[in-house]
Amino acid sequence: MPANLKLHQLRAFVDVARQGSIRAASRLSGLSQPALTKAIQELELALGARLFERRQQGVTLTDIGDNFFRHASLVLEELRVAQEDIQQRLGLAGGRVNIGVGGSIARTIMPQVITQFHREYPLVKVRIVEGQLVSMVHELRQGALDFTINTYDQHHLDQELIFERLMQRDYQVVMRKGHPMAHARSLTELQHCDWTMPTPQGSYYRLLHDLFGERGMAPKIVVTCETFMACTSLVAKSDFVSIISRDVIEDPTHGGQLIALDLDDPLPRATFYLIQRKDTALTPMSAYMAQLFRRYCQQR
C-alpha cells in the first residue's frame, strides 16, 4: 500500500460507500461526521481523483470511486482475515466466519454443521447467507464471504473462483398433497400447471431451464421465488408446482404437506460444490467449517 494511503482513510471510504451517506456511516463507525469527511478528502487528495458525488440525500460513487471501492473493500477483508488467522493460530479462537449456502443445504446439512462448529468454537461469530451462487458472486469476489456450498452453471465458469465437488442430490417435481395432478407421470402432463421456480440465471435451475428448452417445453413459470421458504410455502398452500431437492421434500418441518412425483423420465441430479476465491486462503476457523461441510456431505 503506498505510504500516502492510510488504513483509516480506506475504512472511512468503504463505510460511507456502503451506507450511502456520511451521517449513516458516522452512526455505524462511531466516528464523527467531520472526521469521516476529512479522511475521505485526504484520500481523494492522495489519489488525485474524486470518489464521491455529493447529493442532497447523501453520496454516490463516481466511476473511479466504484472501481476503487472493489479494491479497498477487498484489502480490508484480507487484512481482517490475516489478523484473525494469526489470532486463531495462536489459540485465540475468535473472529468471524462468513459462508453462503443454497436453499436445500440450509435446510439439511447446514444446521448439523453449525451446531457442531458452535459447540467446539462458541466465541467465533458466524454469518450465513442463503441463495443461489449468482447472488453471492460479488461477496465472494470482495472477500465478504469465505466460501459457499452451492450448485453452479458450468457454462458460465467464473475464472476467479475454484470449485470443489462435494456431492450429488436428487431433485423432483413437487406439489401439495391432494393436488389434482398428483397422478402425473411426465413433465408434459404438467405444462398447463402454474409453476413457481427460483431464478434460472444460474446453478441447477439454469440446467433445468435448458432441459425444458431441449424438450420443447415451456412451463408457465408465473412466480419466481428467490428463497426456498417462499417456494415451499407457496407450493404447500396452493396448486403451484415446483422442482426442489428430495432432501427438502422429506424435511419433517413441512409437516408432510408436500409430495414428490415419480416421473417416468427423472430429472438430472444436482451437483454441489464448495466454492471460494482462487487467491485467498481460508482462516483456520473457516477451513475447519469447510471440512465439516465436506464430512457431512459425504454422509448424505
# chains A, B, ... in the order shown; residues from 1 in each chain; ligands from 1
>>> closest_atom_pairs(of="region 15-39 of chain A", to="region 51-61 of chain A", cutoff="12 Å", atoms="only C-alpha atoms", output="JSON lines")
{"residue": "A:Asp15", "atom": "CA", "partner": "A:Val59", "partner_atom": "CA", "distance": 11.7}
{"residue": "A:Val16", "atom": "CA", "partner": "A:Val59", "partner_atom": "CA", "distance": 8.1}
{"residue": "A:Ala17", "atom": "CA", "partner": "A:Leu61", "partner_atom": "CA", "distance": 6.9}
{"residue": "A:Arg18", "atom": "CA", "partner": "A:Thr60", "partner_atom": "CA", "distance": 9.8}
{"residue": "A:Gln19", "atom": "CA", "partner": "A:Val59", "partner_atom": "CA", "distance": 9.1}
{"residue": "A:Gly20", "atom": "CA", "partner": "A:Val59", "partner_atom": "CA", "distance": 5.5}
{"residue": "A:Ser21", "atom": "CA", "partner": "A:Gly58", "partner_atom": "CA", "distance": 4.4}
{"residue": "A:Ile22", "atom": "CA", "partner": "A:Gly58", "partner_atom": "CA", "distance": 7.1}
{"residue": "A:Arg23", "atom": "CA", "partner": "A:Gly58", "partner_atom": "CA", "distance": 8.2}
{"residue": "A:Ala24", "atom": "CA", "partner": "A:Gly58", "partner_atom": "CA", "distance": 9.1}
{"residue": "A:Ala25", "atom": "CA", "partner": "A:Gly58", "partner_atom": "CA", "distance": 10.6}
{"residue": "A:Thr37", "atom": "CA", "partner": "A:Phe52", "partner_atom": "CA", "distance": 11.1}
>>> write_last_selection(atoms="N, CA, C and O atoms", output="tab-separated table (two decimals), in the first residue's frame")
chain	number	residue	atom	x	y	z
A	15	ASP	N	-16.94	2.53	4.51
A	15	ASP	CA	-18.14	2.71	5.33
A	15	ASP	C	-19.13	3.66	4.67
A	15	ASP	O	-20.33	3.40	4.61
A	16	VAL	N	-18.64	4.77	4.18
A	16	VAL	CA	-19.52	5.76	3.53
A	16	VAL	C	-20.11	5.20	2.24
A	16	VAL	O	-21.30	5.38	1.96
A	17	ALA	N	-19.29	4.49	1.47
A	17	ALA	CA	-19.78	3.91	0.23
A	17	ALA	C	-20.88	2.89	0.49
A	17	ALA	O	-21.88	2.85	-0.23
A	18	ARG	N	-20.72	2.09	1.51
A	18	ARG	CA	-21.72	1.06	1.82
A	18	ARG	C	-23.00	1.66	2.39
A	18	ARG	O	-24.10	1.18	2.11
A	19	GLN	N	-22.87	2.72	3.16
A	19	GLN	CA	-24.04	3.32	3.80
A	19	GLN	C	-24.73	4.35	2.92
A	19	GLN	O	-25.91	4.65	3.11
A	20	GLY	N	-24.01	4.92	1.97
A	20	GLY	CA	-24.62	5.89	1.06
A	20	GLY	C	-24.71	7.30	1.62
A	20	GLY	O	-25.25	8.19	0.97
A	21	SER	N	-24.19	7.51	2.83
A	21	SER	CA	-24.17	8.87	3.40
A	21	SER	C	-23.15	8.92	4.53
A	21	SER	O	-22.87	7.91	5.18
A	22	ILE	N	-22.61	10.12	4.75
A	22	ILE	CA	-21.64	10.31	5.82
A	22	ILE	C	-22.32	10.19	7.17
A	22	ILE	O	-21.76	9.65	8.12
A	23	ARG	N	-23.55	10.68	7.25
A	23	ARG	CA	-24.29	10.61	8.52
A	23	ARG	C	-24.50	9.16	8.95
A	23	ARG	O	-24.26	8.80	10.11
A	24	ALA	N	-24.96	8.30	8.01
A	24	ALA	CA	-25.21	6.89	8.34
A	24	ALA	C	-23.90	6.18	8.69
A	24	ALA	O	-23.85	5.36	9.60
A	25	ALA	N	-22.84	6.49	7.94
A	25	ALA	CA	-21.54	5.88	8.23
A	25	ALA	C	-21.02	6.31	9.59
A	25	ALA	O	-20.36	5.53	10.29
A	37	THR	N	-15.42	12.99	6.92
A	37	THR	CA	-15.26	13.90	5.78
A	37	THR	C	-13.78	14.22	5.54
A	37	THR	O	-13.31	14.19	4.40
>>> residues_around(residues="region 106-109 of chain A", least_positions_apart="3", cutoff="9 Å", atoms="only C-alpha atoms", output="list of chain:residue names")
A:Val101, A:Gly102, A:Gly103, A:Gln112, A:Val113, A:Ile114, A:Glu130, A:Asp247, A:Val248, A:Asp251, A:Phe293, A:Tyr296, A:Cys297, A:Arg300
>>> atom_distance(atom1="CA of Leu267 (chain A)", atom2="CA of Ala290 (chain A)")
28.5 Å
>>> residues_around(residues="Phe163 (chain A)", least_positions_apart="3", cutoff="12 Å", atoms="only C-alpha atoms", output="list in words")
Leu133, Phe147, Thr148, Ile149, Asn150, Thr151, Tyr152, Asp153, Gln154, Leu157, Asp158, Gln159, Glu160, Leu166, Thr271, Phe272, Tyr273, Leu274, Ile275, Gln276, Arg277 and Lys278 of chain A
>>> write_last_selection(atoms="N, CA, C and O atoms", output="mmCIF file, in the first residue's frame")
data_model
loop_
_atom_site.group_PDB
_atom_site.id
_atom_site.type_symbol
_atom_site.label_atom_id
_atom_site.label_comp_id
_atom_site.auth_asym_id
_atom_site.auth_seq_id
_atom_site.Cartn_x
_atom_site.Cartn_y
_atom_site.Cartn_z
ATOM 1 N N LEU A 133 -25.771 -19.295 -6.238
ATOM 2 C CA LEU A 133 -24.426 -18.765 -6.444
ATOM 3 C C LEU A 133 -24.458 -17.394 -7.106
ATOM 4 O O LEU A 133 -23.673 -16.509 -6.763
ATOM 5 N N PHE A 147 -16.650 -18.779 1.701
ATOM 6 C CA PHE A 147 -16.973 -19.800 0.713
ATOM 7 C C PHE A 147 -18.482 -19.987 0.678
ATOM 8 O O PHE A 147 -19.211 -19.478 1.529
ATOM 9 N N THR A 148 -18.952 -20.718 -0.320
ATOM 10 C CA THR A 148 -20.356 -21.085 -0.389
ATOM 11 C C THR A 148 -20.471 -22.559 -0.766
ATOM 12 O O THR A 148 -19.589 -23.103 -1.435
ATOM 13 N N ILE A 149 -21.538 -23.199 -0.317
ATOM 14 C CA ILE A 149 -21.863 -24.568 -0.724
ATOM 15 C C ILE A 149 -23.068 -24.442 -1.648
ATOM 16 O O ILE A 149 -24.156 -24.089 -1.214
ATOM 17 N N ASN A 150 -22.873 -24.741 -2.932
ATOM 18 C CA ASN A 150 -23.906 -24.438 -3.905
ATOM 19 C C ASN A 150 -23.708 -25.228 -5.190
ATOM 20 O O ASN A 150 -22.673 -25.877 -5.384
ATOM 21 N N THR A 151 -24.711 -25.167 -6.057
ATOM 22 C CA THR A 151 -24.562 -25.674 -7.415
ATOM 23 C C THR A 151 -24.092 -24.515 -8.288
ATOM 24 O O THR A 151 -24.129 -23.359 -7.878
ATOM 25 N N TYR A 152 -23.607 -24.832 -9.492
ATOM 26 C CA TYR A 152 -23.239 -23.747 -10.400
ATOM 27 C C TYR A 152 -23.404 -24.198 -11.838
ATOM 28 O O TYR A 152 -23.455 -25.392 -12.148
ATOM 29 N N ASP A 153 -23.522 -23.224 -12.713
ATOM 30 C CA ASP A 153 -23.726 -23.468 -14.133
ATOM 31 C C ASP A 153 -22.366 -23.567 -14.809
ATOM 32 O O ASP A 153 -21.642 -22.584 -14.923
ATOM 33 N N GLN A 154 -22.011 -24.752 -15.273
ATOM 34 C CA GLN A 154 -20.682 -24.971 -15.838
ATOM 35 C C GLN A 154 -20.445 -24.204 -17.128
ATOM 36 O O GLN A 154 -19.314 -24.068 -17.572
ATOM 37 N N LEU A 157 -18.482 -20.526 -16.064
ATOM 38 C CA LEU A 157 -17.478 -20.716 -15.021
ATOM 39 C C LEU A 157 -16.732 -19.407 -14.757
ATOM 40 O O LEU A 157 -16.162 -18.807 -15.653
ATOM 41 N N ASP A 158 -16.754 -18.962 -13.527
ATOM 42 C CA ASP A 158 -16.050 -17.750 -13.130
ATOM 43 C C ASP A 158 -14.587 -18.100 -12.872
ATOM 44 O O ASP A 158 -14.277 -18.908 -12.001
ATOM 45 N N GLN A 159 -13.677 -17.491 -13.625
ATOM 46 C CA GLN A 159 -12.266 -17.830 -13.534
ATOM 47 C C GLN A 159 -11.623 -17.369 -12.230
ATOM 48 O O GLN A 159 -10.504 -17.750 -11.928
ATOM 49 N N GLU A 160 -12.319 -16.529 -11.443
ATOM 50 C CA GLU A 160 -11.778 -16.071 -10.169
ATOM 51 C C GLU A 160 -12.062 -17.045 -9.036
ATOM 52 O O GLU A 160 -11.569 -16.862 -7.925
ATOM 53 N N LEU A 166 -18.582 -31.789 -3.989
ATOM 54 C CA LEU A 166 -18.862 -32.416 -2.704
ATOM 55 C C LEU A 166 -19.844 -33.571 -2.794
ATOM 56 O O LEU A 166 -19.629 -34.620 -2.209
ATOM 57 N N THR A 271 -25.370 -31.244 -8.692
ATOM 58 C CA THR A 271 -24.047 -31.403 -8.103
ATOM 59 C C THR A 271 -23.720 -30.181 -7.264
ATOM 60 O O THR A 271 -23.823 -29.045 -7.742
ATOM 61 N N PHE A 272 -23.337 -30.408 -6.015
ATOM 62 C CA PHE A 272 -22.996 -29.317 -5.105
ATOM 63 C C PHE A 272 -21.486 -29.215 -4.956
ATOM 64 O O PHE A 272 -20.781 -30.216 -4.905
ATOM 65 N N TYR A 273 -21.025 -27.975 -4.865
ATOM 66 C CA TYR A 273 -19.595 -27.680 -4.780
ATOM 67 C C TYR A 273 -19.308 -26.758 -3.596
ATOM 68 O O TYR A 273 -20.163 -25.966 -3.189
ATOM 69 N N LEU A 274 -18.099 -26.859 -3.078
ATOM 70 C CA LEU A 274 -17.572 -25.866 -2.165
ATOM 71 C C LEU A 274 -16.839 -24.858 -3.040
ATOM 72 O O LEU A 274 -15.884 -25.210 -3.743
ATOM 73 N N ILE A 275 -17.283 -23.602 -3.010
ATOM 74 C CA ILE A 275 -16.808 -22.584 -3.946
ATOM 75 C C ILE A 275 -16.161 -21.439 -3.172
ATOM 76 O O ILE A 275 -16.735 -20.919 -2.218
ATOM 77 N N GLN A 276 -14.950 -21.059 -3.583
ATOM 78 C CA GLN A 276 -14.244 -19.971 -2.921
ATOM 79 C C GLN A 276 -13.340 -19.249 -3.911
ATOM 80 O O GLN A 276 -13.158 -19.703 -5.045
ATOM 81 N N ARG A 277 -12.786 -18.119 -3.488
ATOM 82 C CA ARG A 277 -11.847 -17.380 -4.343
ATOM 83 C C ARG A 277 -10.575 -18.191 -4.554
ATOM 84 O O ARG A 277 -10.129 -18.914 -3.670
ATOM 85 N N LYS A 278 -9.980 -18.034 -5.733
ATOM 86 C CA LYS A 278 -8.755 -18.767 -6.033
ATOM 87 C C LYS A 278 -7.564 -18.280 -5.215
ATOM 88 O O LYS A 278 -6.734 -19.067 -4.788
#
>>> select_by_dssp(residues="region 22-56 of chain A", states="strand (DSSP E)", output="list in words")
Phe52, Glu53, Arg54 and Arg55 of chain A
>>> closest_residue(among="A:Leu207, A:Leu282, A:Met229, A:Pro268", to="Gly131 (chain A)", atoms="only C-alpha atoms")
A:Met229
>>> select_by_dssp(residues="region 142-217 of chain A", states="alpha helix (DSSP H)", output="ChimeraX atom specification")
/A:142,203-214
>>> residues_around(residues="region 259-263 of chain A", least_positions_apart="3", cutoff="9 Å", atoms="only C-alpha atoms", output="PDB file with N, CA, C and O atoms, in the first residue's frame")
ATOM      1  N   GLN A 172     -36.818 -33.342  -7.585  1.00  0.00           N
ATOM      2  CA  GLN A 172     -38.068 -33.882  -8.100  1.00  0.00           C
ATOM      3  C   GLN A 172     -39.132 -32.798  -8.212  1.00  0.00           C
ATOM      4  O   GLN A 172     -39.081 -31.773  -7.516  1.00  0.00           O
ATOM      5  N   VAL A 173     -40.108 -33.062  -9.072  1.00  0.00           N
ATOM      6  CA  VAL A 173     -41.274 -32.193  -9.147  1.00  0.00           C
ATOM      7  C   VAL A 173     -42.075 -32.365  -7.861  1.00  0.00           C
ATOM      8  O   VAL A 173     -42.290 -33.489  -7.390  1.00  0.00           O
ATOM      9  N   VAL A 174     -42.504 -31.239  -7.296  1.00  0.00           N
ATOM     10  CA  VAL A 174     -43.186 -31.283  -6.017  1.00  0.00           C
ATOM     11  C   VAL A 174     -44.484 -30.492  -6.091  1.00  0.00           C
ATOM     12  O   VAL A 174     -44.591 -29.508  -6.819  1.00  0.00           O
ATOM     13  N   MET A 175     -45.481 -30.948  -5.324  1.00  0.00           N
ATOM     14  CA  MET A 175     -46.774 -30.265  -5.227  1.00  0.00           C
ATOM     15  C   MET A 175     -47.392 -30.623  -3.877  1.00  0.00           C
ATOM     16  O   MET A 175     -46.859 -31.457  -3.133  1.00  0.00           O
ATOM     17  N   ARG A 176     -48.514 -30.001  -3.568  1.00  0.00           N
ATOM     18  CA  ARG A 176     -49.159 -30.272  -2.289  1.00  0.00           C
ATOM     19  C   ARG A 176     -49.886 -31.613  -2.329  1.00  0.00           C
ATOM     20  O   ARG A 176     -50.222 -32.128  -3.399  1.00  0.00           O
ATOM     21  N   LYS A 177     -50.109 -32.164  -1.163  1.00  0.00           N
ATOM     22  CA  LYS A 177     -50.937 -33.365  -1.065  1.00  0.00           C
ATOM     23  C   LYS A 177     -52.353 -33.038  -1.544  1.00  0.00           C
ATOM     24  O   LYS A 177     -52.909 -31.985  -1.230  1.00  0.00           O
ATOM     25  N   GLY A 178     -52.938 -33.946  -2.328  1.00  0.00           N
ATOM     26  CA  GLY A 178     -54.282 -33.738  -2.831  1.00  0.00           C
ATOM     27  C   GLY A 178     -54.341 -32.892  -4.087  1.00  0.00           C
ATOM     28  O   GLY A 178     -55.435 -32.537  -4.552  1.00  0.00           O
ATOM     29  N   ALA A 182     -51.615 -34.954  -9.078  1.00  0.00           N
ATOM     30  CA  ALA A 182     -50.723 -35.829  -8.315  1.00  0.00           C
ATOM     31  C   ALA A 182     -50.466 -37.157  -9.014  1.00  0.00           C
ATOM     32  O   ALA A 182     -49.536 -37.876  -8.670  1.00  0.00           O
ATOM     33  N   HIS A 183     -51.285 -37.491 -10.006  1.00  0.00           N
ATOM     34  CA  HIS A 183     -51.137 -38.758 -10.728  1.00  0.00           C
ATOM     35  C   HIS A 183     -50.204 -38.625 -11.929  1.00  0.00           C
ATOM     36  O   HIS A 183     -49.902 -39.627 -12.597  1.00  0.00           O
ATOM     37  N   ALA A 184     -49.733 -37.433 -12.266  1.00  0.00           N
ATOM     38  CA  ALA A 184     -48.940 -37.205 -13.482  1.00  0.00           C
ATOM     39  C   ALA A 184     -47.672 -38.049 -13.491  1.00  0.00           C
ATOM     40  O   ALA A 184     -47.041 -38.267 -12.451  1.00  0.00           O
ATOM     41  N   ARG A 185     -47.298 -38.483 -14.692  1.00  0.00           N
ATOM     42  CA  ARG A 185     -46.102 -39.316 -14.850  1.00  0.00           C
ATOM     43  C   ARG A 185     -45.051 -38.676 -15.755  1.00  0.00           C
ATOM     44  O   ARG A 185     -43.990 -39.248 -15.993  1.00  0.00           O
ATOM     45  N   SER A 186     -45.351 -37.491 -16.301  1.00  0.00           N
ATOM     46  CA  SER A 186     -44.390 -36.829 -17.192  1.00  0.00           C
ATOM     47  C   SER A 186     -44.486 -35.319 -17.045  1.00  0.00           C
ATOM     48  O   SER A 186     -45.515 -34.779 -16.599  1.00  0.00           O
ATOM     49  N   LEU A 187     -43.415 -34.632 -17.437  1.00  0.00           N
ATOM     50  CA  LEU A 187     -43.419 -33.178 -17.406  1.00  0.00           C
ATOM     51  C   LEU A 187     -44.428 -32.602 -18.387  1.00  0.00           C
ATOM     52  O   LEU A 187     -45.018 -31.548 -18.137  1.00  0.00           O
ATOM     53  N   ILE A 243     -39.927 -27.544  -8.510  1.00  0.00           N
ATOM     54  CA  ILE A 243     -38.901 -28.588  -8.500  1.00  0.00           C
ATOM     55  C   ILE A 243     -37.905 -28.247  -7.409  1.00  0.00           C
ATOM     56  O   ILE A 243     -37.290 -27.178  -7.441  1.00  0.00           O
ATOM     57  N   ARG A 246     -34.972 -33.489  -3.095  1.00  0.00           N
ATOM     58  CA  ARG A 246     -35.710 -34.519  -2.358  1.00  0.00           C
ATOM     59  C   ARG A 246     -35.482 -34.377  -0.858  1.00  0.00           C
ATOM     60  O   ARG A 246     -36.371 -34.643  -0.043  1.00  0.00           O
ATOM     61  N   ILE A 249     -37.965 -31.936   0.421  1.00  0.00           N
ATOM     62  CA  ILE A 249     -39.311 -32.504   0.391  1.00  0.00           C
ATOM     63  C   ILE A 249     -39.550 -33.377   1.621  1.00  0.00           C
ATOM     64  O   ILE A 249     -40.625 -33.381   2.216  1.00  0.00           O
ATOM     65  N   GLU A 250     -38.513 -34.132   2.019  1.00  0.00           N
ATOM     66  CA  GLU A 250     -38.640 -35.055   3.144  1.00  0.00           C
ATOM     67  C   GLU A 250     -38.420 -34.398   4.502  1.00  0.00           C
ATOM     68  O   GLU A 250     -38.542 -35.043   5.539  1.00  0.00           O
ATOM     69  N   GLY A 256     -45.321 -32.996   6.260  1.00  0.00           N
ATOM     70  CA  GLY A 256     -45.905 -33.927   5.303  1.00  0.00           C
ATOM     71  C   GLY A 256     -46.870 -33.279   4.320  1.00  0.00           C
ATOM     72  O   GLY A 256     -47.709 -33.969   3.731  1.00  0.00           O
ATOM     73  N   PRO A 266     -36.811 -39.211 -15.140  1.00  0.00           N
ATOM     74  CA  PRO A 266     -36.322 -38.476 -13.967  1.00  0.00           C
ATOM     75  C   PRO A 266     -35.546 -37.208 -14.353  1.00  0.00           C
ATOM     76  O   PRO A 266     -34.969 -37.120 -15.449  1.00  0.00           O
ATOM     77  N   LEU A 267     -35.508 -36.275 -13.438  1.00  0.00           N
ATOM     78  CA  LEU A 267     -34.757 -35.042 -13.644  1.00  0.00           C
ATOM     79  C   LEU A 267     -33.265 -35.292 -13.399  1.00  0.00           C
ATOM     80  O   LEU A 267     -32.893 -36.225 -12.676  1.00  0.00           O
TER      81      LEU A 267
END
>>> residues_around(residues="Cys231 (chain A)", least_positions_apart="4", cutoff="8 Å", atoms="only C-alpha atoms", output="list in words")
Thr196, Met197, Pro198, Cys225, Glu226, Thr227, Val235 and Ser242 of chain A
>>> write_last_selection(atoms="N, CA and C atoms", output="PDB file, in the first residue's frame")
ATOM      1  N   THR A 196     -43.865 -22.328  -9.932  1.00  0.00           N
ATOM      2  CA  THR A 196     -43.037 -21.366  -9.227  1.00  0.00           C
ATOM      3  C   THR A 196     -41.630 -21.954  -9.121  1.00  0.00           C
ATOM      4  N   MET A 197     -40.635 -21.150  -9.504  1.00  0.00           N
ATOM      5  CA  MET A 197     -39.257 -21.634  -9.512  1.00  0.00           C
ATOM      6  C   MET A 197     -38.321 -20.504  -9.104  1.00  0.00           C
ATOM      7  N   PRO A 198     -37.146 -20.857  -8.584  1.00  0.00           N
ATOM      8  CA  PRO A 198     -36.115 -19.828  -8.377  1.00  0.00           C
ATOM      9  C   PRO A 198     -35.654 -19.282  -9.725  1.00  0.00           C
ATOM     10  N   CYS A 225     -39.498 -17.332  -7.124  1.00  0.00           N
ATOM     11  CA  CYS A 225     -39.181 -17.249  -5.686  1.00  0.00           C
ATOM     12  C   CYS A 225     -37.668 -17.252  -5.503  1.00  0.00           C
ATOM     13  N   GLU A 226     -37.169 -16.291  -4.773  1.00  0.00           N
ATOM     14  CA  GLU A 226     -35.728 -16.216  -4.552  1.00  0.00           C
ATOM     15  C   GLU A 226     -35.288 -16.986  -3.311  1.00  0.00           C
ATOM     16  N   THR A 227     -36.221 -17.474  -2.504  1.00  0.00           N
ATOM     17  CA  THR A 227     -35.863 -18.279  -1.338  1.00  0.00           C
ATOM     18  C   THR A 227     -36.671 -19.574  -1.350  1.00  0.00           C
ATOM     19  N   VAL A 235     -46.084 -23.625  -2.575  1.00  0.00           N
ATOM     20  CA  VAL A 235     -46.492 -24.924  -3.109  1.00  0.00           C
ATOM     21  C   VAL A 235     -47.382 -25.669  -2.113  1.00  0.00           C
ATOM     22  N   SER A 242     -43.531 -27.027  -8.385  1.00  0.00           N
ATOM     23  CA  SER A 242     -42.144 -26.596  -8.430  1.00  0.00           C
ATOM     24  C   SER A 242     -41.220 -27.806  -8.512  1.00  0.00           C
TER      25      SER A 242
END
>>> decode(residues="region 223-275 of chain A", atoms="C-alpha atoms", output="CSV table (one decimal), in the first residue's frame")
chain,number,residue,atom,x,y,z
A,223,VAL,CA,-44.0,-16.7,-9.9
A,224,THR,CA,-40.2,-16.5,-9.3
A,225,CYS,CA,-39.2,-17.2,-5.7
A,226,GLU,CA,-35.7,-16.2,-4.6
A,227,THR,CA,-35.9,-18.3,-1.3
A,228,PHE,CA,-36.8,-21.9,-0.7
A,229,MET,CA,-39.0,-20.9,2.2
A,230,ALA,CA,-41.2,-18.8,-0.1
A,231,CYS,CA,-41.2,-21.5,-2.8
A,232,THR,CA,-42.1,-24.4,-0.4
A,233,SER,CA,-44.8,-22.4,1.4
A,234,LEU,CA,-46.5,-21.4,-1.8
A,235,VAL,CA,-46.5,-24.9,-3.1
A,236,ALA,CA,-47.8,-26.4,0.2
A,237,LYS,CA,-50.8,-24.0,0.3
A,238,SER,CA,-51.8,-23.7,-3.4
A,239,ASP,CA,-51.9,-25.6,-6.7
A,240,PHE,CA,-48.5,-24.2,-7.8
A,241,VAL,CA,-45.9,-26.8,-8.9
A,242,SER,CA,-42.1,-26.6,-8.4
A,243,ILE,CA,-38.9,-28.6,-8.5
A,244,ILE,CA,-36.8,-28.9,-5.3
A,245,SER,CA,-34.4,-31.2,-3.7
A,246,ARG,CA,-35.7,-34.5,-2.4
A,247,ASP,CA,-34.0,-33.7,1.0
A,248,VAL,CA,-36.1,-30.6,1.4
A,249,ILE,CA,-39.3,-32.5,0.4
A,250,GLU,CA,-38.6,-35.1,3.1
A,251,ASP,CA,-37.9,-32.4,5.7
A,252,PRO,CA,-40.3,-33.0,8.7
A,253,THR,CA,-40.7,-29.2,9.2
A,254,HIS,CA,-43.1,-29.2,6.2
A,255,GLY,CA,-45.4,-31.5,8.2
A,256,GLY,CA,-45.9,-33.9,5.3
A,257,GLN,CA,-47.7,-31.3,3.2
A,258,LEU,CA,-45.6,-31.9,0.1
A,259,ILE,CA,-45.4,-34.8,-2.2
A,260,ALA,CA,-42.8,-35.7,-4.9
A,261,LEU,CA,-43.8,-37.2,-8.3
A,262,ASP,CA,-42.0,-40.2,-9.6
A,263,LEU,CA,-41.8,-39.3,-13.2
A,264,ASP,CA,-41.0,-41.8,-16.0
A,265,ASP,CA,-38.2,-39.5,-17.1
A,266,PRO,CA,-36.3,-38.5,-14.0
A,267,LEU,CA,-34.8,-35.0,-13.6
A,268,PRO,CA,-31.0,-34.6,-13.7
A,269,ARG,CA,-29.2,-34.8,-10.4
A,270,ALA,CA,-27.8,-31.6,-8.9
A,271,THR,CA,-24.0,-31.4,-8.1
A,272,PHE,CA,-23.0,-29.3,-5.1
A,273,TYR,CA,-19.6,-27.7,-4.8
A,274,LEU,CA,-17.6,-25.9,-2.2
A,275,ILE,CA,-16.8,-22.6,-3.9
